[in-house]
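Here is data_34.pdb, consisting of PDB, C-alpha atoms:
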```
MODEL        1
ATOM      1  CA  MET A 167     -12.633  85.987  88.761
ATOM      2  CA  ALA A 168      -9.433  87.904  88.316
ATOM      3  CA  GLU A 169      -7.832  89.690  91.215
ATOM      4  CA  GLN A 170      -5.810  92.778  90.490
ATOM      5  CA  LYS A 171      -3.541  94.636  92.884
ATOM      6  CA  HIS A 172      -0.877  97.262  92.732
ATOM      7  CA  ASN A 173       2.096  97.188  95.068
ATOM      8  CA  GLU A 174       5.852  96.995  94.619
ATOM      9  CA  HIS A 175       5.255  95.636  91.127
ATOM     10  CA  LEU A 176       3.552  97.765  88.554
ATOM     11  CA  LEU A 177       0.716  95.302  88.270
ATOM     12  CA  GLU A 178      -0.273  91.813  89.307
ATOM     13  CA  LEU A 179      -3.100  89.730  87.958
ATOM     14  CA  ALA A 180      -4.269  86.223  88.865
ATOM     15  CA  CYS A 181      -6.775  84.323  86.719
ATOM     16  CA  PRO A 182      -8.112  80.771  87.103
ATOM     17  CA  VAL A 183      -8.661  78.417  84.138
ATOM     18  CA  GLU A 184     -10.842  75.286  84.192
ATOM     19  CA  GLY A 185      -9.657  72.162  82.382
ATOM     20  CA  GLY A 186     -12.056  71.013  79.664
ATOM     21  CA  ASP A 187     -13.904  74.339  79.469
ATOM     22  CA  PHE A 188     -13.610  74.950  75.731
ATOM     23  CA  ILE A 189     -16.324  77.609  75.711
ATOM     24  CA  HIS A 190     -14.321  80.019  77.886
ATOM     25  CA  ALA A 191     -10.908  78.915  76.664
ATOM     26  CA  GLY A 192      -9.007  82.022  75.668
ATOM     27  CA  GLU A 193     -10.625  84.431  78.100
ATOM     28  CA  VAL A 194      -7.547  84.709  80.283
ATOM     29  CA  ALA A 195      -5.314  85.394  77.288
ATOM     30  CA  SER A 196      -7.872  87.943  76.120
ATOM     31  CA  LYS A 197      -7.886  89.638  79.518
ATOM     32  CA  ILE A 198      -4.100  89.736  79.728
ATOM     33  CA  LYS A 199      -3.877  91.124  76.190
ATOM     34  CA  LYS A 200      -6.416  93.853  77.024
ATOM     35  CA  THR A 201      -4.586  94.743  80.241
ATOM     36  CA  LEU A 202      -1.252  95.072  78.428
ATOM     37  CA  LYS A 203      -2.798  97.249  75.726
ATOM     38  CA  GLU A 204      -4.375  99.504  78.326
ATOM     39  CA  ILE A 205      -1.104 100.145  80.110
ATOM     40  CA  GLY A 206       0.602 100.919  76.810
ATOM     41  CA  VAL A 207       2.971  97.983  76.339
ATOM     42  CA  SER A 208       4.440  97.924  72.799
ATOM     43  CA  GLN A 209       2.400  96.183  70.123
ATOM     44  CA  GLU A 210       5.102  93.610  69.455
ATOM     45  CA  VAL A 211       5.257  92.608  73.126
ATOM     46  CA  VAL A 212       1.447  92.477  73.342
ATOM     47  CA  ARG A 213       1.354  90.174  70.328
ATOM     48  CA  ARG A 214       4.050  87.795  71.560
ATOM     49  CA  THR A 215       2.500  87.676  75.035
ATOM     50  CA  ALA A 216      -0.994  87.070  73.631
ATOM     51  CA  ILE A 217       0.184  84.133  71.501
ATOM     52  CA  ALA A 218       2.223  82.523  74.298
ATOM     53  CA  THR A 219      -0.551  83.006  76.873
ATOM     54  CA  TYR A 220      -3.247  81.657  74.557
ATOM     55  CA  GLU A 221      -1.187  78.551  73.745
ATOM     56  CA  ALA A 222      -0.542  78.011  77.467
ATOM     57  CA  GLU A 223      -4.230  78.485  78.259
ATOM     58  CA  MET A 224      -5.230  75.938  75.588
ATOM     59  CA  ASN A 225      -2.729  73.522  77.144
ATOM     60  CA  VAL A 226      -4.422  73.849  80.543
ATOM     61  CA  VAL A 227      -7.892  73.491  79.011
ATOM     62  CA  CYS A 228      -6.830  70.479  76.919
ATOM     63  CA  TYR A 229      -4.656  68.580  79.376
ATOM     64  CA  ALA A 230      -5.144  69.692  83.000
ATOM     65  CA  ARG A 231      -7.939  69.695  85.590
ATOM     66  CA  ARG A 232      -7.452  73.341  86.399
ATOM     67  CA  GLY A 233      -4.796  75.978  86.411
ATOM     68  CA  LYS A 234      -3.987  79.503  87.448
ATOM     69  CA  PHE A 235      -2.292  82.275  85.505
ATOM     70  CA  TYR A 236      -0.253  84.910  87.329
ATOM     71  CA  LEU A 237       0.840  88.000  85.458
ATOM     72  CA  THR A 238       3.405  90.311  87.008
ATOM     73  CA  ILE A 239       4.586  93.439  85.306
ATOM     74  CA  THR A 240       7.784  95.082  86.469
ATOM     75  CA  PRO A 241       9.625  97.957  84.784
ATOM     76  CA  ASP A 242      11.781  95.687  82.604
ATOM     77  CA  ARG A 243       9.670  92.592  81.978
ATOM     78  CA  LEU A 244       6.385  90.752  82.003
ATOM     79  CA  LYS A 245       6.318  87.497  83.887
ATOM     80  CA  ILE A 246       3.553  84.985  83.376
ATOM     81  CA  VAL A 247       3.450  81.925  85.588
ATOM     82  CA  VAL A 248       1.039  79.120  84.763
ATOM     83  CA  GLN A 249       0.555  76.539  87.476
ATOM     84  CA  ASP A 250      -1.760  73.650  86.696
ATOM     85  CA  GLU A 251      -3.067  70.592  88.460
ATOM     86  CA  GLY A 252      -3.123  67.670  86.092
ATOM     87  CA  GLN A 253      -1.289  64.788  84.525
ATOM     88  CA  GLY A 254       2.024  66.590  84.243
ATOM     89  CA  ILE A 255       4.618  66.079  81.507
ATOM     90  CA  GLU A 256       6.748  62.936  81.613
ATOM     91  CA  ASP A 257       9.519  64.037  79.277
ATOM     92  CA  ILE A 258       9.791  67.817  78.918
ATOM     93  CA  GLU A 259      12.507  67.652  76.273
ATOM     94  CA  LEU A 260      10.279  65.449  74.124
ATOM     95  CA  ALA A 261       7.275  67.717  74.721
ATOM     96  CA  MET A 262       9.311  70.651  73.422
ATOM     97  CA  LYS A 263       9.945  68.876  70.120
ATOM     98  CA  GLU A 264       7.867  70.198  67.242
ATOM     99  CA  GLY A 265       5.297  67.644  66.177
ATOM    100  CA  TYR A 266       5.347  65.615  69.391
ATOM    101  CA  SER A 267       1.872  65.436  70.891
ATOM    102  CA  THR A 268      -0.255  63.360  73.246
ATOM    103  CA  ALA A 269      -3.493  65.058  72.130
ATOM    104  CA  SER A 270      -6.777  63.171  71.862
ATOM    105  CA  PRO A 271      -8.682  63.037  68.547
ATOM    106  CA  GLN A 272     -11.167  65.603  69.961
ATOM    107  CA  ILE A 273      -8.388  68.113  70.593
ATOM    108  CA  ARG A 274      -7.034  67.533  67.076
ATOM    109  CA  GLU A 275     -10.484  67.998  65.597
ATOM    110  CA  MET A 276     -10.580  71.444  67.168
ATOM    111  CA  GLY A 277      -7.449  72.435  65.292
ATOM    112  CA  PHE A 278      -4.981  71.925  68.113
ATOM    113  CA  GLY A 279      -2.760  69.112  69.327
ATOM    114  CA  ALA A 280      -0.240  69.210  66.508
ATOM    115  CA  GLY A 281       2.699  69.374  68.868
ATOM    116  CA  MET A 282       3.315  73.037  68.133
ATOM    117  CA  GLY A 283       2.133  74.661  71.373
ATOM    118  CA  LEU A 284       5.202  74.548  73.600
ATOM    119  CA  PRO A 285       7.637  75.245  70.721
ATOM    120  CA  ASN A 286       5.485  78.229  69.728
ATOM    121  CA  ILE A 287       5.476  79.501  73.321
ATOM    122  CA  LYS A 288       9.252  79.216  73.397
ATOM    123  CA  LYS A 289       9.535  81.135  70.130
ATOM    124  CA  ASN A 290       7.474  84.031  71.477
ATOM    125  CA  VAL A 291       8.980  84.548  74.942
ATOM    126  CA  ASP A 292      12.502  85.529  75.978
ATOM    127  CA  GLN A 293      12.830  82.968  78.763
ATOM    128  CA  LEU A 294      10.845  79.808  79.362
ATOM    129  CA  GLN A 295      11.137  77.476  82.294
ATOM    130  CA  ILE A 296       9.055  74.329  82.595
ATOM    131  CA  THR A 297       8.897  72.110  85.626
ATOM    132  CA  SER A 298       6.511  69.216  85.989
ATOM    133  CA  VAL A 299       5.622  66.416  88.367
ATOM    134  CA  VAL A 300       3.829  63.504  86.711
ATOM    135  CA  GLY A 301       0.391  63.035  88.249
ATOM    136  CA  GLU A 302       0.487  66.420  89.976
ATOM    137  CA  GLY A 303       0.898  69.199  87.459
ATOM    138  CA  THR A 304       3.038  71.502  85.409
ATOM    139  CA  ARG A 305       4.475  74.951  86.003
ATOM    140  CA  LEU A 306       5.418  77.294  83.175
ATOM    141  CA  GLU A 307       7.373  80.463  83.788
ATOM    142  CA  MET A 308       7.475  82.819  80.851
ATOM    143  CA  ASP A 309       9.463  86.040  80.814
ATOM    144  CA  ILE A 310       9.123  88.685  78.170
ATOM    145  CA  PHE A 311      11.505  91.620  78.291
ATOM    146  CA  THR A 312       9.865  94.942  77.606
ATOM    147  CA  GLN A 313      13.078  96.924  77.199
ATOM    148  CA  CYS A 314      15.807  96.130  74.717
TER
ATOM    149  CA  MET B 120      -8.893  94.286  47.348
ATOM    150  CA  THR B 121     -11.566  95.097  49.885
ATOM    151  CA  LEU B 122     -13.630  92.564  51.824
ATOM    152  CA  LYS B 123     -16.534  93.633  49.647
ATOM    153  CA  GLU B 124     -14.693  92.732  46.420
ATOM    154  CA  MET B 125     -13.599  89.482  48.027
ATOM    155  CA  LYS B 126     -17.182  88.687  48.938
ATOM    156  CA  GLU B 127     -18.104  88.972  45.250
ATOM    157  CA  ILE B 128     -15.126  86.955  43.972
ATOM    158  CA  LEU B 129     -15.922  84.142  46.384
ATOM    159  CA  ASN B 130     -19.674  84.493  46.105
ATOM    160  CA  ALA B 131     -19.524  84.580  49.885
ATOM    161  CA  GLU B 132     -22.056  85.318  52.549
ATOM    162  CA  VAL B 133     -21.190  87.842  55.255
ATOM    163  CA  LEU B 134     -21.978  86.358  58.667
ATOM    164  CA  VAL B 135     -20.476  89.063  60.893
ATOM    165  CA  GLY B 136     -19.063  92.506  60.201
ATOM    166  CA  GLY B 137     -21.086  93.890  57.308
ATOM    167  CA  GLU B 138     -19.930  97.314  58.488
ATOM    168  CA  TYR B 139     -16.263  96.469  57.828
ATOM    169  CA  LEU B 140     -16.579  95.550  54.145
ATOM    170  CA  ASP B 141     -14.403  98.483  53.102
ATOM    171  CA  SER B 142     -11.406  96.994  54.957
ATOM    172  CA  GLU B 143      -8.476  96.164  52.708
ATOM    173  CA  VAL B 144      -7.397  92.528  52.330
ATOM    174  CA  ARG B 145      -3.619  92.784  52.132
ATOM    175  CA  ASP B 146      -2.522  89.181  52.510
ATOM    176  CA  ALA B 147      -3.812  85.843  53.727
ATOM    177  CA  PHE B 148      -3.002  82.609  55.508
ATOM    178  CA  ALA B 149      -4.894  79.352  54.957
ATOM    179  CA  ALA B 150      -4.907  76.367  57.321
ATOM    180  CA  ASP B 151      -7.143  74.006  59.241
ATOM    181  CA  LEU B 152      -4.623  73.801  62.040
ATOM    182  CA  LEU B 153      -4.931  76.613  64.571
ATOM    183  CA  SER B 154      -1.467  75.848  65.942
ATOM    184  CA  ASP B 155      -0.059  76.726  62.517
ATOM    185  CA  VAL B 156      -2.180  79.865  62.338
ATOM    186  CA  LEU B 157      -0.821  80.914  65.738
ATOM    187  CA  ALA B 158       2.709  80.195  64.607
ATOM    188  CA  PHE B 159       2.665  81.852  61.191
ATOM    189  CA  ALA B 160      -0.224  84.275  60.582
ATOM    190  CA  LYS B 161       0.594  87.963  60.844
ATOM    191  CA  GLU B 162      -1.313  90.871  62.283
ATOM    192  CA  GLY B 163      -3.860  92.218  59.791
ATOM    193  CA  THR B 164      -3.891  88.984  57.762
ATOM    194  CA  LEU B 165      -7.034  87.342  56.397
ATOM    195  CA  LEU B 166      -7.548  83.759  57.597
ATOM    196  CA  ILE B 167      -8.962  81.122  55.236
ATOM    197  CA  THR B 168     -10.028  78.007  57.155
ATOM    198  CA  GLY B 169     -12.515  75.201  57.592
ATOM    199  CA  ILE B 170     -12.351  75.361  61.399
ATOM    200  CA  THR B 171     -15.502  76.950  62.817
ATOM    201  CA  ASN B 172     -15.264  76.609  66.603
ATOM    202  CA  PRO B 173     -14.955  79.582  69.008
ATOM    203  CA  GLN B 174     -11.180  78.967  69.238
ATOM    204  CA  VAL B 175     -10.746  80.195  65.680
ATOM    205  CA  ILE B 176     -12.271  83.533  66.735
ATOM    206  CA  ARG B 177     -10.004  83.633  69.804
ATOM    207  CA  THR B 178      -7.052  82.967  67.538
ATOM    208  CA  ALA B 179      -8.115  85.860  65.303
ATOM    209  CA  GLU B 180      -8.447  88.068  68.366
ATOM    210  CA  MET B 181      -4.998  87.171  69.707
ATOM    211  CA  LEU B 182      -3.300  87.773  66.358
ATOM    212  CA  GLU B 183      -5.480  90.755  65.400
ATOM    213  CA  LEU B 184      -6.380  89.150  62.091
ATOM    214  CA  MET B 185      -8.506  91.284  59.757
ATOM    215  CA  GLY B 186     -11.179  88.650  59.164
ATOM    216  CA  ILE B 187     -11.984  84.996  58.538
ATOM    217  CA  VAL B 188     -13.344  83.230  55.441
ATOM    218  CA  PHE B 189     -14.841  79.806  56.123
ATOM    219  CA  VAL B 190     -14.496  77.479  53.144
ATOM    220  CA  ARG B 191     -16.469  74.422  51.907
ATOM    221  CA  GLY B 192     -19.727  76.100  52.943
ATOM    222  CA  LYS B 193     -18.900  75.815  56.634
ATOM    223  CA  ARG B 194     -20.564  78.098  59.138
ATOM    224  CA  PRO B 195     -19.691  78.626  62.790
ATOM    225  CA  ASP B 196     -22.252  78.007  65.520
ATOM    226  CA  GLY B 197     -23.906  80.619  67.737
ATOM    227  CA  ASP B 198     -21.119  80.808  70.345
ATOM    228  CA  ALA B 199     -18.496  81.562  67.722
ATOM    229  CA  ILE B 200     -20.737  84.121  65.981
ATOM    230  CA  LYS B 201     -21.417  85.908  69.285
ATOM    231  CA  LEU B 202     -17.727  85.986  70.124
ATOM    232  CA  ALA B 203     -16.907  87.384  66.658
ATOM    233  CA  GLN B 204     -19.504  90.126  67.081
ATOM    234  CA  MET B 205     -18.064  90.995  70.476
ATOM    235  CA  LYS B 206     -14.472  91.006  69.196
ATOM    236  CA  LYS B 207     -15.405  92.733  65.912
ATOM    237  CA  VAL B 208     -13.967  90.002  63.681
ATOM    238  CA  PRO B 209     -15.589  89.958  60.199
ATOM    239  CA  LEU B 210     -16.713  86.462  59.193
ATOM    240  CA  LEU B 211     -17.579  85.290  55.683
ATOM    241  CA  SER B 212     -18.592  81.896  54.375
ATOM    242  CA  THR B 213     -17.947  80.588  50.851
ATOM    243  CA  ARG B 214     -18.909  77.304  49.212
ATOM    244  CA  TYR B 215     -15.596  77.131  47.357
ATOM    245  CA  ILE B 216     -13.062  74.617  48.645
ATOM    246  CA  MET B 217      -9.898  75.969  50.239
ATOM    247  CA  PHE B 218      -7.792  75.484  47.097
ATOM    248  CA  GLU B 219     -10.270  77.390  44.917
ATOM    249  CA  THR B 220     -10.668  80.126  47.528
ATOM    250  CA  CYS B 221      -6.918  80.671  47.745
ATOM    251  CA  GLY B 222      -6.502  80.498  43.977
ATOM    252  CA  ARG B 223      -9.214  83.037  43.271
ATOM    253  CA  LEU B 224      -7.845  85.474  45.832
ATOM    254  CA  PHE B 225      -4.245  85.003  44.693
ATOM    255  CA  LYS B 226      -5.242  85.616  41.077
ATOM    256  CA  ASN B 227      -6.746  88.891  42.238
ATOM    257  CA  GLY B 228      -3.617  90.107  43.977
ATOM    258  CA  VAL B 229      -3.857  88.773  47.538
ATOM    259  CA  LYS B 230      -0.508  87.292  48.586
ATOM    260  CA  GLY B 231       0.445  84.889  51.353
ATOM    261  CA  CYS B 232       1.360  86.622  54.636
ATOM    262  CA  ILE B 233       4.557  84.564  54.478
ATOM    263  CA  GLU B 234       5.910  82.531  51.575
ATOM    264  CA  LYS B 235       7.690  79.604  53.147
ATOM    265  CA  VAL B 236       8.553  77.965  56.437
ATOM    266  CA  GLU B 237      12.093  76.853  57.135
ATOM    267  CA  ASN B 238      12.971  74.936  60.299
ATOM    268  CA  GLY B 239       9.677  75.950  61.867
ATOM    269  CA  ARG B 240      10.278  79.646  61.221
ATOM    270  CA  ALA B 241       8.545  81.928  58.770
ATOM    271  CA  GLU B 242      10.528  83.065  55.766
ATOM    272  CA  ALA B 243       9.594  86.338  54.113
TER
ENDMDL
END
```
What would the structure in this file look like if it were written as C-alpha cells?
Amino acid sequence: MAEQKHNEHLLELACPVEGGDFIHAGEVASKIKKTLKEIGVSQEVVRRTAIATYEAEMNVVCYARRGKFYLTITPDRLKIVVQDEGQGIEDIELAMKEGYSTASPQIREMGFGAGMGLPNIKKNVDQLQITSVVGEGTRLEMDIFTQC
Amino acid sequence: MTLKEMKEILNAEVLVGGEYLDSEVRDAFAADLLSDVLAFAKEGTLLITGITNPQVIRTAEMLELMGIVFVRGKRPDGDAIKLAQMKKVPLLSTRYIMFETCGRLFKNGVKGCIEKVENGRAEA
C-alpha cells in the first residue's frame, strides 16, 4: 500500500495502481485528495488535483499494466508523477487533442474514453509534462502551484 | 428545492442517503459521459446520469457533487452502493428518461451548473 515519509519535502506519498482493476480505480485519487484536505491545502487546489489525479488514474487502469503515483508537496507546489508500464503513447500531440481516443468499447461503455482525459488534466494543472516510450510506458509530471 | 422535493417531483426511490434529504439542490449537470462530468460539473452540483458503475460514485467524490439521480429506472450494483454509503453520496433512481428528469427539475427552478461550453471551456 501507500508509503508516506517526511523529510526535506513537506510530504511524500507513493501509491501503486493496477491496470484493469476497475473496482479499485479511483482509490489513489481519493487518498491523495484526503491527504491534501488533511494538511489544509486550499479547496480550489484540492479540487483541481483530485480531477487531474483521477483522470490520470483512470488512464493507467484503462491503458497500462500497472503504474505508480508519486505525490510530493513542497512549500510552493504539489508535484504528482505518474509512471506506468504499458503500451505507451505513439503521438503525444495527437493524444492531447480533445476527442482523440484509442479506447475500447468496454472503456466507452463505462463512461470514459471520449478523448477528454489528457486535455482535462492539462486544464486543471499548472504544468504538465508527458514523456512516453511505445511498448514501455508513459510518464506524466503534473505541477500545481499552491501559492499565487 | 430539497432532495426530498426532488424525490417527489421525479417519483424517485432513494437508494442511499435518506438522512440527507433536506440538502438543497442548487443546480445540476446531466450526462452519460463521465469525462464530461469531470470537465464541467461544479462542486455541490446534482448529477443526472444513466451511468451506474462505481466510477460514477468516484467522480461524485472527486468533484464533491451533492448527489446523483439515475434515470431510465437504472440502479447501481452492490459495489457502487457500498462506495456511495462510504463516501456519503446520496443516490436516487427515477423511471423518467433523462430529458423528462431535466425538464421537470428545470421547471421547478433547478438550473444548469453551467450554461454553455465554448472551445472546451465552461461558460457561465
Residues of chain A within 6 Å of chain B, counting all atoms listed in the file, as a count of residues only: 4
Could you tell me, as an mmCIF file with C-alpha atoms, in the frame of the given file, exactly which residues end up selected when the PyMOL selection byres ((chain A and resi 234) around 10) is applied to this structure?
```cif
data_model
loop_
_atom_site.group_PDB
_atom_site.id
_atom_site.type_symbol
_atom_site.label_atom_id
_atom_site.label_comp_id
_atom_site.auth_asym_id
_atom_site.auth_seq_id
_atom_site.Cartn_x
_atom_site.Cartn_y
_atom_site.Cartn_z
ATOM 1 C CA ALA A 180 -4.269 86.223 88.865
ATOM 2 C CA CYS A 181 -6.775 84.323 86.719
ATOM 3 C CA PRO A 182 -8.112 80.771 87.103
ATOM 4 C CA VAL A 183 -8.661 78.417 84.138
ATOM 5 C CA GLU A 184 -10.842 75.286 84.192
ATOM 6 C CA VAL A 194 -7.547 84.709 80.283
ATOM 7 C CA GLU A 223 -4.230 78.485 78.259
ATOM 8 C CA VAL A 226 -4.422 73.849 80.543
ATOM 9 C CA ARG A 232 -7.452 73.341 86.399
ATOM 10 C CA GLY A 233 -4.796 75.978 86.411
ATOM 11 C CA PHE A 235 -2.292 82.275 85.505
ATOM 12 C CA TYR A 236 -0.253 84.910 87.329
ATOM 13 C CA LEU A 237 0.840 88.000 85.458
ATOM 14 C CA VAL A 247 3.450 81.925 85.588
ATOM 15 C CA VAL A 248 1.039 79.120 84.763
ATOM 16 C CA GLN A 249 0.555 76.539 87.476
ATOM 17 C CA ASP A 250 -1.760 73.650 86.696
ATOM 18 C CA GLU A 251 -3.067 70.592 88.460
ATOM 19 C CA ARG A 305 4.475 74.951 86.003
#
```
Would you translate the PyMOL selection byres ((chain B and resi 140) around 7) into the concrete set of residues it matches in this file, as a PDB file with C-alpha atoms, in the coordinates of the input?
```
ATOM      1  CA  THR B 121     -11.566  95.097  49.885  1.00  0.00           C
ATOM      2  CA  LEU B 122     -13.630  92.564  51.824  1.00  0.00           C
ATOM      3  CA  LYS B 123     -16.534  93.633  49.647  1.00  0.00           C
ATOM      4  CA  GLY B 137     -21.086  93.890  57.308  1.00  0.00           C
ATOM      5  CA  GLU B 138     -19.930  97.314  58.488  1.00  0.00           C
ATOM      6  CA  TYR B 139     -16.263  96.469  57.828  1.00  0.00           C
ATOM      7  CA  ASP B 141     -14.403  98.483  53.102  1.00  0.00           C
ATOM      8  CA  SER B 142     -11.406  96.994  54.957  1.00  0.00           C
TER       9      SER B 142
END
```
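Put simply, the PyMOL selection byres ((chain B and resi 186-189) around 6) in this file takes in B:Leu165, B:Leu166, B:Ile167, B:Thr168, B:Gly169, B:Leu184, B:Met185, B:Val190, B:Lys193, B:Val208, B:Pro209, B:Leu210, B:Leu211, B:Ser212.
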Pick from A:Ile255, A:Arg274, A:Arg243, A:Lys288, whichever lies nearest to A:Leu176 using all atoms listed in the file: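 Closest residue, counting all atoms listed in the file: A:Arg243.
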For atom CA of B:Thr213 and atom CA of B:Gly192, the interatomic separation in Å (one decimal): 5.3 Å
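For the atom pair formed by atom CA of A:Leu306 and atom CA of B:Glu237, the distance is 26.9 Å, given to one decimal.
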Pick from B:Gly163, B:Asp146, B:Arg191, B:Asn130 nearest to B:Tyr215, counting all atoms listed in the file: B:Arg191
